[in-house]
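Text of input03.tsv, listed as TSV, C-alpha atoms and all ligand atoms:
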```
chain	number	residue	atom	x	y	z
A	1	MET	CA	19.44	224.48	-87.27
A	2	SER	CA	19.18	227.34	-84.88
A	3	THR	CA	21.65	230.15	-84.80
A	4	SER	CA	22.16	232.50	-81.91
A	5	THR	CA	19.87	235.12	-83.47
A	6	GLU	CA	16.95	233.24	-84.94
A	7	SER	CA	15.03	230.30	-83.72
A	8	SER	CA	14.03	227.35	-85.85
A	9	VAL	CA	10.72	225.57	-86.13
A	10	SER	CA	9.76	222.35	-87.95
A	11	LEU	CA	6.30	221.74	-89.29
A	12	ILE	CA	5.54	218.03	-89.02
A	13	ILE	CA	2.94	217.02	-91.57
A	14	PRO	CA	1.77	213.41	-91.99
A	15	LEU	CA	0.66	212.48	-95.48
A	16	PHE	CA	-1.54	209.58	-96.43
A	17	ASN	CA	-2.79	209.70	-100.01
A	18	GLU	CA	-2.79	213.47	-100.08
A	19	GLU	CA	-1.71	214.06	-103.70
A	20	GLU	CA	-4.70	216.34	-104.34
A	21	MET	CA	-3.74	218.52	-101.40
A	22	LEU	CA	-0.07	219.01	-102.18
A	23	PRO	CA	0.05	221.91	-104.67
A	24	LEU	CA	-2.09	224.13	-102.45
A	25	LEU	CA	-0.40	222.96	-99.24
A	26	ILE	CA	3.10	223.63	-100.50
A	27	SER	CA	2.23	227.05	-101.88
A	28	GLU	CA	0.61	227.98	-98.54
A	29	LEU	CA	3.69	226.71	-96.71
A	30	GLU	CA	5.90	228.89	-98.89
A	31	VAL	CA	3.76	231.94	-98.08
A	32	PHE	CA	4.00	231.08	-94.40
A	33	LYS	CA	7.78	230.66	-94.55
A	34	GLY	CA	8.05	234.06	-96.22
A	35	LYS	CA	6.03	235.75	-93.47
A	36	ARG	CA	8.00	234.40	-90.53
A	37	SER	CA	11.33	235.57	-89.22
A	38	GLU	CA	12.17	232.12	-87.80
A	39	MET	CA	13.81	229.39	-89.84
A	40	ILE	CA	10.94	227.18	-90.90
A	41	GLY	CA	11.53	223.62	-92.05
A	42	VAL	CA	8.95	221.07	-93.14
A	43	ILE	CA	9.06	217.38	-92.32
A	44	PHE	CA	6.57	215.41	-94.35
A	45	VAL	CA	5.94	211.86	-93.24
A	46	ASP	CA	4.57	209.78	-96.07
A	47	ASP	CA	2.62	207.11	-94.23
A	48	GLY	CA	2.67	204.46	-96.96
A	49	SER	CA	0.58	206.40	-99.49
A	50	THR	CA	-0.60	204.36	-102.43
A	51	ASP	CA	-1.17	207.31	-104.74
A	52	LYS	CA	1.44	209.73	-106.14
A	53	THR	CA	1.97	211.61	-102.86
A	54	ALA	CA	5.71	210.94	-102.59
A	55	SER	CA	6.62	211.69	-106.18
A	56	GLU	CA	4.45	214.82	-106.10
A	57	VAL	CA	6.25	216.13	-103.02
A	58	PHE	CA	9.61	215.48	-104.66
A	59	ARG	CA	8.51	217.22	-107.83
A	60	LEU	CA	6.96	220.24	-106.12
A	61	THR	CA	9.70	220.91	-103.57
A	62	LYS	CA	12.79	219.93	-105.52
A	63	GLY	CA	15.41	222.64	-105.14
A	64	ILE	CA	13.43	224.56	-102.50
A	65	PRO	CA	15.43	224.22	-99.31
A	66	GLY	CA	13.81	223.14	-96.08
A	67	TYR	CA	11.69	220.13	-97.02
A	68	GLN	CA	12.31	216.61	-95.81
A	69	VAL	CA	10.27	213.54	-96.52
A	70	ILE	CA	10.34	210.46	-94.31
A	71	ARG	CA	8.80	207.59	-96.24
A	72	PHE	CA	7.37	204.64	-94.34
A	73	SER	CA	7.58	201.19	-95.87
A	74	ARG	CA	3.79	200.86	-95.46
A	75	ASN	CA	0.87	202.53	-93.68
A	76	PHE	CA	1.66	202.64	-89.96
A	77	GLY	CA	-0.99	205.18	-89.02
A	78	HIS	CA	-1.24	208.87	-88.30
A	79	GLN	CA	-0.01	208.70	-84.68
A	80	MET	CA	3.09	206.78	-85.72
A	81	ALA	CA	3.78	209.22	-88.55
A	82	ILE	CA	3.71	212.09	-86.08
A	83	SER	CA	6.00	210.18	-83.71
A	84	ALA	CA	8.52	209.60	-86.51
A	85	GLY	CA	8.47	213.28	-87.43
A	86	ILE	CA	9.08	214.32	-83.84
A	87	LYS	CA	11.96	211.87	-83.60
A	88	ARG	CA	13.55	213.28	-86.73
A	89	CYS	CA	13.18	216.98	-85.99
A	90	GLN	CA	16.15	218.91	-84.67
A	91	THR	CA	14.76	222.41	-84.36
A	92	ASP	CA	13.96	224.54	-81.31
A	93	ALA	CA	10.27	223.73	-81.66
A	94	ALA	CA	7.93	221.62	-83.78
A	95	ILE	CA	4.35	222.08	-84.86
A	96	ILE	CA	2.20	219.06	-85.72
A	97	LEU	CA	-0.43	219.76	-88.33
A	98	ASP	CA	-2.73	218.06	-90.82
A	99	ALA	CA	-1.94	218.14	-94.52
A	100	ASP	CA	-5.43	219.30	-95.45
A	101	LEU	CA	-5.11	222.88	-94.09
A	102	GLN	CA	-7.69	222.16	-91.42
A	103	ASP	CA	-5.11	223.38	-88.94
A	104	PRO	CA	-4.65	226.95	-90.22
A	105	LEU	CA	-1.13	228.25	-90.72
A	106	ASP	CA	-1.92	231.64	-89.22
A	107	ILE	CA	-2.78	229.83	-85.99
A	108	ALA	CA	0.56	228.01	-86.29
A	109	GLY	CA	2.12	231.49	-86.43
A	110	LYS	CA	0.28	232.47	-83.26
A	111	MET	CA	1.55	229.29	-81.62
A	112	ILE	CA	5.11	230.35	-82.37
A	113	ASP	CA	4.47	233.79	-80.86
A	114	THR	CA	2.95	232.21	-77.73
A	115	TRP	CA	5.89	229.81	-77.42
A	116	LYS	CA	8.24	232.79	-77.50
A	117	LYS	CA	6.41	234.22	-74.52
A	118	GLY	CA	7.62	231.21	-72.56
A	119	TYR	CA	5.11	228.37	-73.01
A	120	GLU	CA	6.49	224.93	-73.79
A	121	VAL	CA	3.33	223.47	-75.36
A	122	VAL	CA	0.73	225.45	-77.32
A	123	TYR	CA	-2.25	223.43	-78.47
A	124	GLY	CA	-5.16	224.36	-80.71
A	125	VAL	CA	-8.64	224.29	-79.21
A	126	ARG	CA	-11.43	223.73	-81.73
A	127	SER	CA	-14.28	226.13	-81.23
A	128	VAL	CA	-16.33	225.39	-84.34
A	129	ARG	CA	-15.96	222.23	-86.37
A	130	SER	CA	-17.84	223.22	-89.45
A	131	GLU	CA	-16.69	220.20	-91.44
A	132	VAL	CA	-18.30	217.50	-89.34
A	133	SER	CA	-21.86	216.33	-88.85
A	134	VAL	CA	-23.79	217.06	-85.66
A	135	ALA	CA	-23.55	213.39	-84.66
A	136	GLU	CA	-19.77	213.35	-85.05
A	137	ARG	CA	-19.41	216.61	-83.23
A	138	LEU	CA	-21.44	215.25	-80.31
A	139	THR	CA	-19.50	211.99	-80.10
A	140	ALA	CA	-16.21	213.91	-80.19
A	141	HIS	CA	-17.53	216.28	-77.54
A	142	TRP	CA	-18.45	213.44	-75.19
A	143	PHE	CA	-15.32	211.44	-75.93
A	144	TYR	CA	-13.01	214.28	-74.87
A	145	ARG	CA	-14.97	214.64	-71.64
A	146	LEU	CA	-15.12	210.91	-70.97
A	147	PHE	CA	-11.38	210.70	-71.57
A	148	ARG	CA	-10.78	213.51	-69.14
A	149	SER	CA	-12.88	211.96	-66.42
A	150	LEU	CA	-11.44	208.44	-66.82
A	151	SER	CA	-7.78	209.30	-67.20
A	152	GLU	CA	-5.57	210.64	-64.48
A	153	ILE	CA	-3.95	213.21	-66.75
A	154	ASN	CA	-5.10	216.75	-67.21
A	155	ALA	CA	-5.85	216.56	-70.93
A	156	PRO	CA	-7.37	219.67	-72.52
A	157	VAL	CA	-10.75	219.04	-74.17
A	158	ASP	CA	-11.61	219.69	-77.85
A	159	THR	CA	-8.03	219.42	-79.04
A	160	GLY	CA	-6.61	217.27	-81.81
A	161	ASP	CA	-2.94	216.81	-82.51
A	162	PHE	CA	-2.45	220.36	-83.82
A	163	ARG	CA	0.07	221.81	-81.39
A	164	LEU	CA	3.50	223.33	-80.94
A	165	ILE	CA	6.02	221.58	-78.72
A	166	SER	CA	9.34	223.07	-77.68
A	167	ARG	CA	12.72	221.35	-77.62
A	168	PRO	CA	12.52	220.06	-74.03
A	169	VAL	CA	9.11	218.54	-74.77
A	170	ILE	CA	10.42	216.97	-77.99
A	171	GLU	CA	13.30	215.38	-76.08
A	172	ALA	CA	10.94	214.08	-73.41
A	173	PHE	CA	8.46	212.79	-76.01
A	174	ASN	CA	11.21	210.86	-77.76
A	175	THR	CA	11.75	208.75	-74.66
A	176	PHE	CA	8.28	207.18	-75.09
A	177	GLU	CA	8.32	203.80	-76.75
A	178	GLU	CA	4.64	202.93	-76.72
A	179	GLN	CA	3.42	200.66	-79.49
A	180	GLN	CA	0.17	202.58	-79.90
A	181	PRO	CA	1.04	206.12	-78.95
A	182	TYR	CA	-1.85	208.46	-78.31
A	183	VAL	CA	0.15	211.57	-79.06
A	184	ARG	CA	-2.11	214.25	-77.59
A	185	GLY	CA	-2.47	212.28	-74.35
A	186	LEU	CA	1.26	211.64	-74.05
A	187	ILE	CA	2.04	215.32	-74.52
A	188	ALA	CA	-0.53	216.27	-71.87
A	189	TRP	CA	1.00	213.64	-69.59
A	190	LEU	CA	4.45	215.22	-69.94
A	191	GLY	CA	3.42	218.38	-68.17
A	192	PHE	CA	5.52	221.52	-68.82
A	193	SER	CA	3.79	224.86	-69.19
A	194	GLN	CA	0.91	224.38	-71.59
A	195	THR	CA	-1.64	226.75	-73.03
A	196	GLY	CA	-4.29	226.70	-75.75
A	197	ILE	CA	-5.30	228.90	-78.66
A	198	GLU	CA	-8.92	228.72	-79.76
A	199	TYR	CA	-9.61	228.51	-83.48
A	200	GLU	CA	-12.36	227.71	-85.91
A	201	ARG	CA	-11.62	224.49	-87.70
A	202	PRO	CA	-12.45	224.79	-91.38
A	203	GLY	CA	-13.36	221.87	-93.64
A	204	ARG	CA	-10.81	219.85	-95.56
A	205	ALA	CA	-9.32	221.89	-98.44
A	206	ALA	CA	-9.20	218.89	-100.82
A	207	GLY	CA	-9.49	215.12	-100.82
A	208	LYS	CA	-11.39	212.94	-98.38
A	209	THR	CA	-10.89	212.22	-94.68
A	210	LYS	CA	-8.42	209.41	-93.97
A	211	TYR	CA	-10.11	208.74	-90.66
A	212	PRO	CA	-13.25	206.70	-91.27
A	213	PHE	CA	-15.42	205.86	-88.24
A	214	ARG	CA	-13.64	202.56	-87.60
A	215	ARG	CA	-10.20	204.24	-87.28
A	216	ARG	CA	-11.63	207.04	-85.20
A	217	LEU	CA	-13.10	204.48	-82.81
A	218	GLN	CA	-9.77	202.65	-82.67
A	219	LEU	CA	-7.98	205.88	-81.79
A	220	ALA	CA	-10.51	206.52	-79.02
A	221	ILE	CA	-10.02	203.00	-77.62
A	222	ASP	CA	-6.22	203.37	-77.81
A	223	GLY	CA	-6.47	206.65	-75.98
A	224	LEU	CA	-8.69	205.35	-73.23
A	225	THR	CA	-6.87	202.08	-72.64
A	226	SER	CA	-3.46	203.69	-72.58
A	227	PHE	CA	-4.41	206.32	-70.05
A	228	SER	CA	-6.89	204.62	-67.79
A	229	ALA	CA	-7.37	201.28	-66.08
A	230	LYS	CA	-10.75	202.41	-64.80
A	231	PRO	CA	-12.80	200.39	-67.33
A	232	LEU	CA	-11.24	197.25	-65.80
A	233	LYS	CA	-12.26	198.33	-62.34
A	234	LEU	CA	-15.77	199.08	-63.51
A	235	ALA	CA	-16.43	195.32	-63.69
A	236	VAL	CA	-15.62	194.97	-60.00
A	237	ASN	CA	-18.06	197.71	-58.98
A	238	LEU	CA	-20.80	196.40	-61.22
A	239	GLY	CA	-20.20	192.84	-60.00
A	240	VAL	CA	-20.60	193.91	-56.36
A	241	LEU	CA	-23.76	195.83	-57.22
A	242	ILE	CA	-25.34	192.90	-59.04
A	243	ALA	CA	-24.35	190.41	-56.35
A	244	THR	CA	-25.95	192.60	-53.67
A	245	GLY	CA	-29.06	192.97	-55.79
A	246	SER	CA	-29.32	189.20	-56.28
A	247	ILE	CA	-29.10	188.50	-52.53
A	248	ILE	CA	-31.99	190.91	-51.94
A	249	GLY	CA	-33.82	189.20	-54.81
A	250	LEU	CA	-33.26	185.79	-53.19
A	251	PHE	CA	-34.90	186.96	-49.97
A	252	TRP	CA	-37.84	188.25	-51.96
A	253	VAL	CA	-38.21	184.87	-53.67
A	254	LEU	CA	-38.18	183.03	-50.33
A	255	ILE	CA	-40.73	185.42	-48.84
A	256	THR	CA	-43.12	185.07	-51.77
A	257	LYS	CA	-42.88	181.29	-51.67
A	258	TYR	CA	-43.05	180.50	-47.96
A	259	VAL	CA	-44.75	183.56	-46.43
A	260	LEU	CA	-47.10	184.82	-49.10
A	261	GLY	CA	-47.51	181.40	-50.66
A	262	THR	CA	-47.79	182.68	-54.22
A	263	ALA	CA	-45.93	180.69	-56.86
A	264	ILE	CA	-43.51	182.63	-59.03
A	265	THR	CA	-44.39	182.81	-62.68
A	266	GLY	CA	-42.25	184.45	-65.32
A	267	TRP	CA	-40.10	182.44	-67.63
A	268	ALA	CA	-39.70	185.58	-69.78
A	269	SER	CA	-38.10	187.62	-67.04
A	270	LEU	CA	-35.80	184.71	-66.26
A	271	ILE	CA	-34.54	184.36	-69.79
A	272	PHE	CA	-34.17	188.11	-70.04
A	273	ALA	CA	-32.00	188.12	-66.92
A	274	ALA	CA	-29.87	185.29	-68.33
A	275	PHE	CA	-29.22	187.16	-71.57
A	276	PHE	CA	-28.67	190.42	-69.80
A	277	PHE	CA	-25.99	189.09	-67.49
A	278	GLY	CA	-24.47	187.03	-70.30
A	279	GLY	CA	-24.13	190.27	-72.25
A	280	ILE	CA	-22.56	192.11	-69.37
A	281	GLN	CA	-20.06	189.32	-68.83
A	282	LEU	CA	-19.05	189.29	-72.48
A	283	PHE	CA	-18.73	193.07	-72.47
A	284	PHE	CA	-16.29	193.02	-69.57
A	285	LEU	CA	-14.45	190.05	-70.98
A	286	GLY	CA	-13.99	192.20	-74.07
A	287	ILE	CA	-12.61	195.06	-72.01
A	288	VAL	CA	-10.15	192.75	-70.29
A	289	GLY	CA	-9.20	191.35	-73.71
A	290	THR	CA	-8.49	194.83	-75.03
A	291	TYR	CA	-6.00	195.44	-72.25
A	292	VAL	CA	-4.43	192.01	-72.67
A	293	ALA	CA	-3.97	192.76	-76.38
A	294	ARG	CA	-2.18	195.99	-75.50
A	295	VAL	CA	0.16	194.15	-73.17
A	296	TYR	CA	0.77	191.57	-75.90
A	297	ASP	CA	1.68	194.34	-78.37
A	298	GLU	CA	4.05	195.92	-75.90
A	299	VAL	CA	5.93	192.76	-74.95
A	300	LYS	CA	6.65	191.86	-78.56
A	301	ARG	CA	8.74	195.04	-78.80
A	302	ARG	CA	8.59	195.19	-82.56
A	303	PRO	CA	9.98	198.29	-84.27
A	304	ARG	CA	7.13	200.76	-84.27
A	305	PHE	CA	7.63	201.83	-87.86
A	306	VAL	CA	9.96	201.12	-90.74
A	307	ILE	CA	11.46	203.89	-92.84
A	308	LYS	CA	12.30	203.06	-96.41
A	309	GLU	CA	13.69	206.40	-97.46
A	310	ILE	CA	14.51	209.86	-96.20
A	311	TRP	CA	14.57	212.60	-98.78
A	312	ASP	CA	15.77	216.16	-98.47
A	313	SER	CA	14.70	218.78	-101.00
A	314	GLY	CA	17.75	221.00	-100.78
A	315	ASN	CA	20.58	218.77	-99.82
A	316	LYS	CA	20.70	215.25	-101.12
A	317	SER	CA	23.69	214.21	-99.05
A	318	ALA	CA	21.73	214.87	-95.86
A	319	SER	CA	19.59	211.90	-96.69
A	320	GLY	CA	22.48	209.75	-97.81
A	321	GLY	CA	21.97	209.71	-101.59
A	322	SER	CA	19.15	208.75	-103.84
A	323	ASN	CA	18.36	205.45	-102.19
A	324	PRO	CA	19.13	206.02	-98.55
A	325	VAL	CA	17.66	202.88	-97.05
A	326	ASN	CA	19.23	203.04	-93.67
A	327	GLN	CA	18.32	200.57	-90.97
A	328	ARG	CA	19.69	202.80	-88.26
A	329	LEU	CA	16.98	205.31	-89.04
A	330	ASN	CA	14.32	202.86	-88.06
A	331	ASP	CA	12.75	202.85	-84.67
A	332	PRO	CA	13.83	201.88	-82.07
A	333	ASN	CA	17.43	202.89	-82.77
Q	401	LIG	N1	-2.96	210.39	-92.03
Q	401	LIG	C1	-1.83	209.57	-91.97
Q	401	LIG	N2	-2.01	208.22	-91.89
Q	401	LIG	C2	-3.24	207.63	-91.83
Q	401	LIG	C3	-4.37	208.49	-91.86
Q	401	LIG	C4	-4.19	209.85	-91.94
Q	401	LIG	O1	-0.71	210.05	-92.01
Q	401	LIG	O2	-3.31	206.42	-91.78
Q	401	LIG	C5	-2.76	211.86	-92.12
Q	401	LIG	C6	-3.57	212.56	-93.20
Q	401	LIG	O3	-2.88	212.57	-94.43
Q	401	LIG	C7	-3.73	213.95	-92.62
Q	401	LIG	C8	-3.80	213.70	-91.13
Q	401	LIG	O4	-3.24	212.40	-90.91
Q	401	LIG	O5	-2.61	214.78	-92.86
Q	401	LIG	C9	-5.20	213.74	-90.58
Q	401	LIG	O6	-6.05	212.96	-91.35
Q	401	LIG	P1	-7.46	213.47	-91.85
Q	401	LIG	O7	-7.37	214.91	-92.24
Q	401	LIG	O8	-7.96	212.55	-92.88
Q	401	LIG	O9	-8.31	213.34	-90.51
Q	401	LIG	P2	-9.52	214.26	-90.03
Q	401	LIG	O10	-9.06	215.69	-90.11
Q	401	LIG	O11	-10.64	213.97	-90.99
Q	401	LIG	O12	-9.77	213.81	-88.64
Q	402	MG	MG	-8.20	216.59	-91.61
```

Any chance you could give the structure as structure tokens?
Amino acid sequence: MSTSTESSVSLIIPLFNEEEMLPLLISELEVFKGKRSEMIGVIFVDDGSTDKTASEVFRLTKGIPGYQVIRFSRNFGHQMAISAGIKRCQTDAAIILDADLQDPLDIAGKMIDTWKKGYEVVYGVRSVRSEVSVAERLTAHWFYRLFRSLSEINAPVDTGDFRLISRPVIEAFNTFEEQQPYVRGLIAWLGFSQTGIEYERPGRAAGKTKYPFRRRLQLAIDGLTSFSAKPLKLAVNLGVLIATGSIIGLFWVLITKYVLGTAITGWASLIFAAFFFGGIQLFFLGIVGTYVARVYDEVKRRPRFVIKEIWDSGNKSASGGSNPVNQRLNDPN
């Protein structure tokens, strides 16, 4: 909690099978807490880990004040874990960061300093991504730019979820109830005064990435479909273009038959055209389906995540005892 003299900051750290990371992470967090004059708290969100993540956090932070663990009943995904952390935090500002120290704590410190100069959102901009392959770097590069050109929001490029958000932004963020939140997009959408800090993104300190290609692609699709309806409109433009082309083609066919008198050969080109347009139709049907699925998810209005336990390292009563299963903590309230 903030006092009149010092401000308070929560570090929101999602954890999914990060047991190998924890000893180093927690010792780095302690160093960071020691360096800062603000009150620093840590909110871990255990996103349904199947290894010893939760028990390791309890063991390593027991008795050290300032650590909370929100435990999900199963894996709900990184974006949901962040959303739960933001909902829980009560400090003047929050910083979202990865558990694997890819989002360096000294940059988090700089974010706090920048926030104190009056910015409401301070995001990290990746200058070098030494940990990823050239192919991944290129796809990420083009995705950020595609997203920017398709969506109507002014989203900064080359940023992940590593960012500081101040209390007013936290409050505004908590009013979102999207079933598949794309956190970085939603924060950009909110506005406020935003600025970036460039940093070199190191490789993972331990363990393996929890974002295989399939999940990365899903995140990209979620991001695009939640911030742009342009892919849907693309079908209209393409349809008009093809229809115009086919009318011109029809004239050409008539001319060759009745004016030039040459018979048209070419079964191959015909079958090619049939497959080609079949493919295009399926592609756009798929795009429409993706949006319909999103609408379907939204109208069901299921709780977005389920919390099975909230644990507090320093103060057990804050979490309601040793087995604080509390339905009211679930989302939506
Ligand atoms: N994570 C999570 N739930 C998931 C996948 C990942 O909470 O389903 C967490 C993970 O523990 C890490 C962060 O999200 O703290 C980012 O994941 P990761 O570092 O594997 O992603 P990358 O940096 O490779 O994109
Ligand atoms: Mg990482």

Kindly work out which residues sit at most 6 Å from ligand MG 402 (chain Q), using all atoms listed in the file, and give the list as a PyMOL selection string. chain A and resi 98+100+102+204+209

Let me have all residues with an atom within 8 Å of ligand LIG 401 (chain Q), counting only C-alpha atoms and all ligand atoms, laid out as a PyMOL selection string. chain A and resi 13-18+45-48+75-79+81-82+97-100+102+204+208-212+216

Grab all the atoms of segment 170-186 of chain A that the file lists, wrap them in a box along x, y and z, add 3 Å per side, and give me centre plus edge lengths in Å (one decimal) as lines of an AutoDock Vina configuration file.
```
center_x = 5.4
center_y = 208.8
center_z = -76.7
size_x = 21.8
size_y = 22.3
size_z = 12.5
```

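Considering only C-alpha atoms, the residue among A:Tyr291, A:Tyr67, A:Phe283, A:Phe143 positioned nearest to Met39 of chain A is A:Tyr67.
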
Taking 5 positions as the minimum chain separation for residues in the same chain, which residues sit within 9 Å of Lys110 of chain A when counting all atoms listed in the file? Answer as a PyMOL selection string. chain A and resi 105+115+197

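As for atom CA of Arg126 of chain A and atom CA of Glu171 of chain A, they are spaced 26.7 Å apart.
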
Expressed in Å, the length from atom CA of Ile70 of chain A to atom CA of Tyr123 of chain A is 24.0 Å

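Around Leu232 of chain A, within 8 Å and counting only C-alpha atoms, the residues found are Phe284, Ile287 and Val288 of chain A, once anything fewer than 6 positions away on its own chain is removed.
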
Show me a table, sorted first by chain and then by increasing residue number, of the residues of segment 135-239 of chain A having an atom at most 10 Å from segment 298-304 of chain A, each with its shortest atom pair and the distance in Å to one decimal, counting all atoms listed in the file and written as JSON lines.
```
{"residue": "A:Glu177", "atom": "CA", "partner": "A:Arg304", "partner_atom": "CA", "distance": 8.2}
{"residue": "A:Glu178", "atom": "CA", "partner": "A:Glu298", "partner_atom": "CA", "distance": 7.1}
{"residue": "A:Gln179", "atom": "CA", "partner": "A:Glu298", "partner_atom": "CA", "distance": 6.0}
{"residue": "A:Gln180", "atom": "CA", "partner": "A:Arg304", "partner_atom": "CA", "distance": 8.4}
{"residue": "A:Pro181", "atom": "CA", "partner": "A:Arg304", "partner_atom": "CA", "distance": 9.7}
```

Could you tell me how far atom CA of Leu260 of chain A lies from atom CA of Ile248 of chain A, in Å and to one decimal? 16.5 Å

Need the shell around Ala84 of chain A: protein/DNA/RNA residues with any atom at most 10 Å away, counting all atoms listed in the file. Skip same-chain ones fewer than 6 positions apart. Format as an MDAnalysis selection string? chainID A and resid 12 14 43:45 70:72 78 174 304:307 329:331

Expected residue set, 9 Å radius at (-12.0, 220.5, -76.8), all atoms listed in the file, as a list of chain:residue names: A:Gly124, A:Val125, A:Arg126, A:Ser127, A:Ala140, A:His141, A:Tyr144, A:Arg145, A:Pro156, A:Val157, A:Asp158, A:Thr159, A:Gly160

Which residues come within 10 Å of Gln90 of chain A, counting all atoms listed in the file, excluding same-chain residues fewer than 5 positions away, as number ranges by chain? A: 1-2, 8-10, 41, 85, 167, 170-171

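Minimum distance to Gly109 of chain A across A:Arg201, A:Lys308, A:Lys233, A:Arg163 (counting all atoms listed in the file) occurs at A:Arg163.
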
Reconstructed segment 201-216 of chain A, atom set N, CA, C and O atoms, as a short mmCIF file (atom, residue, chain, number, x, y, z; two decimals), keeping the file's coordinate frame:
```cif
data_model
loop_
_atom_site.label_atom_id
_atom_site.label_comp_id
_atom_site.auth_asym_id
_atom_site.auth_seq_id
_atom_site.Cartn_x
_atom_site.Cartn_y
_atom_site.Cartn_z
N ARG A 201 -12.21 225.50 -86.82
CA ARG A 201 -11.62 224.49 -87.70
C ARG A 201 -12.38 224.44 -89.01
O ARG A 201 -13.55 224.05 -89.03
N PRO A 202 -11.74 224.82 -90.10
CA PRO A 202 -12.45 224.79 -91.38
C PRO A 202 -12.56 223.36 -91.90
O PRO A 202 -11.99 222.44 -91.34
N GLY A 203 -13.28 223.18 -93.01
CA GLY A 203 -13.36 221.87 -93.64
C GLY A 203 -12.06 221.54 -94.36
O GLY A 203 -11.17 222.37 -94.49
N ARG A 204 -11.97 220.31 -94.80
CA ARG A 204 -10.81 219.85 -95.56
C ARG A 204 -10.70 220.65 -96.87
O ARG A 204 -11.69 220.82 -97.57
N ALA A 205 -9.47 221.08 -97.23
CA ALA A 205 -9.32 221.89 -98.44
C ALA A 205 -9.46 221.03 -99.71
O ALA A 205 -9.94 221.51 -100.74
N ALA A 206 -9.04 219.80 -99.67
CA ALA A 206 -9.20 218.89 -100.82
C ALA A 206 -9.09 217.46 -100.36
O ALA A 206 -8.56 217.19 -99.29
N GLY A 207 -9.57 216.55 -101.17
CA GLY A 207 -9.49 215.12 -100.82
C GLY A 207 -10.51 214.73 -99.77
O GLY A 207 -11.37 215.52 -99.39
N LYS A 208 -10.41 213.47 -99.35
CA LYS A 208 -11.39 212.94 -98.38
C LYS A 208 -10.71 212.65 -97.05
O LYS A 208 -9.50 212.48 -97.00
N THR A 209 -11.49 212.54 -95.98
CA THR A 209 -10.89 212.22 -94.68
C THR A 209 -10.24 210.83 -94.74
O THR A 209 -10.74 209.92 -95.39
N LYS A 210 -9.11 210.69 -94.04
CA LYS A 210 -8.42 209.41 -93.97
C LYS A 210 -8.76 208.71 -92.66
O LYS A 210 -8.15 207.74 -92.28
N TYR A 211 -9.70 209.28 -91.94
CA TYR A 211 -10.11 208.74 -90.66
C TYR A 211 -11.56 208.31 -90.70
O TYR A 211 -12.43 208.99 -90.17
N PRO A 212 -11.87 207.18 -91.31
CA PRO A 212 -13.25 206.70 -91.27
C PRO A 212 -13.62 206.34 -89.83
O PRO A 212 -12.75 206.24 -88.97
N PHE A 213 -14.92 206.10 -89.60
CA PHE A 213 -15.42 205.86 -88.24
C PHE A 213 -14.63 204.77 -87.50
O PHE A 213 -14.29 204.92 -86.34
N ARG A 214 -14.33 203.70 -88.22
CA ARG A 214 -13.64 202.56 -87.60
C ARG A 214 -12.28 202.98 -87.00
O ARG A 214 -11.91 202.60 -85.91
N ARG A 215 -11.52 203.82 -87.77
CA ARG A 215 -10.20 204.24 -87.28
C ARG A 215 -10.33 205.25 -86.16
O ARG A 215 -9.52 205.30 -85.24
N ARG A 216 -11.37 206.06 -86.25
CA ARG A 216 -11.63 207.04 -85.20
C ARG A 216 -11.92 206.32 -83.88
O ARG A 216 -11.42 206.69 -82.82
#
```
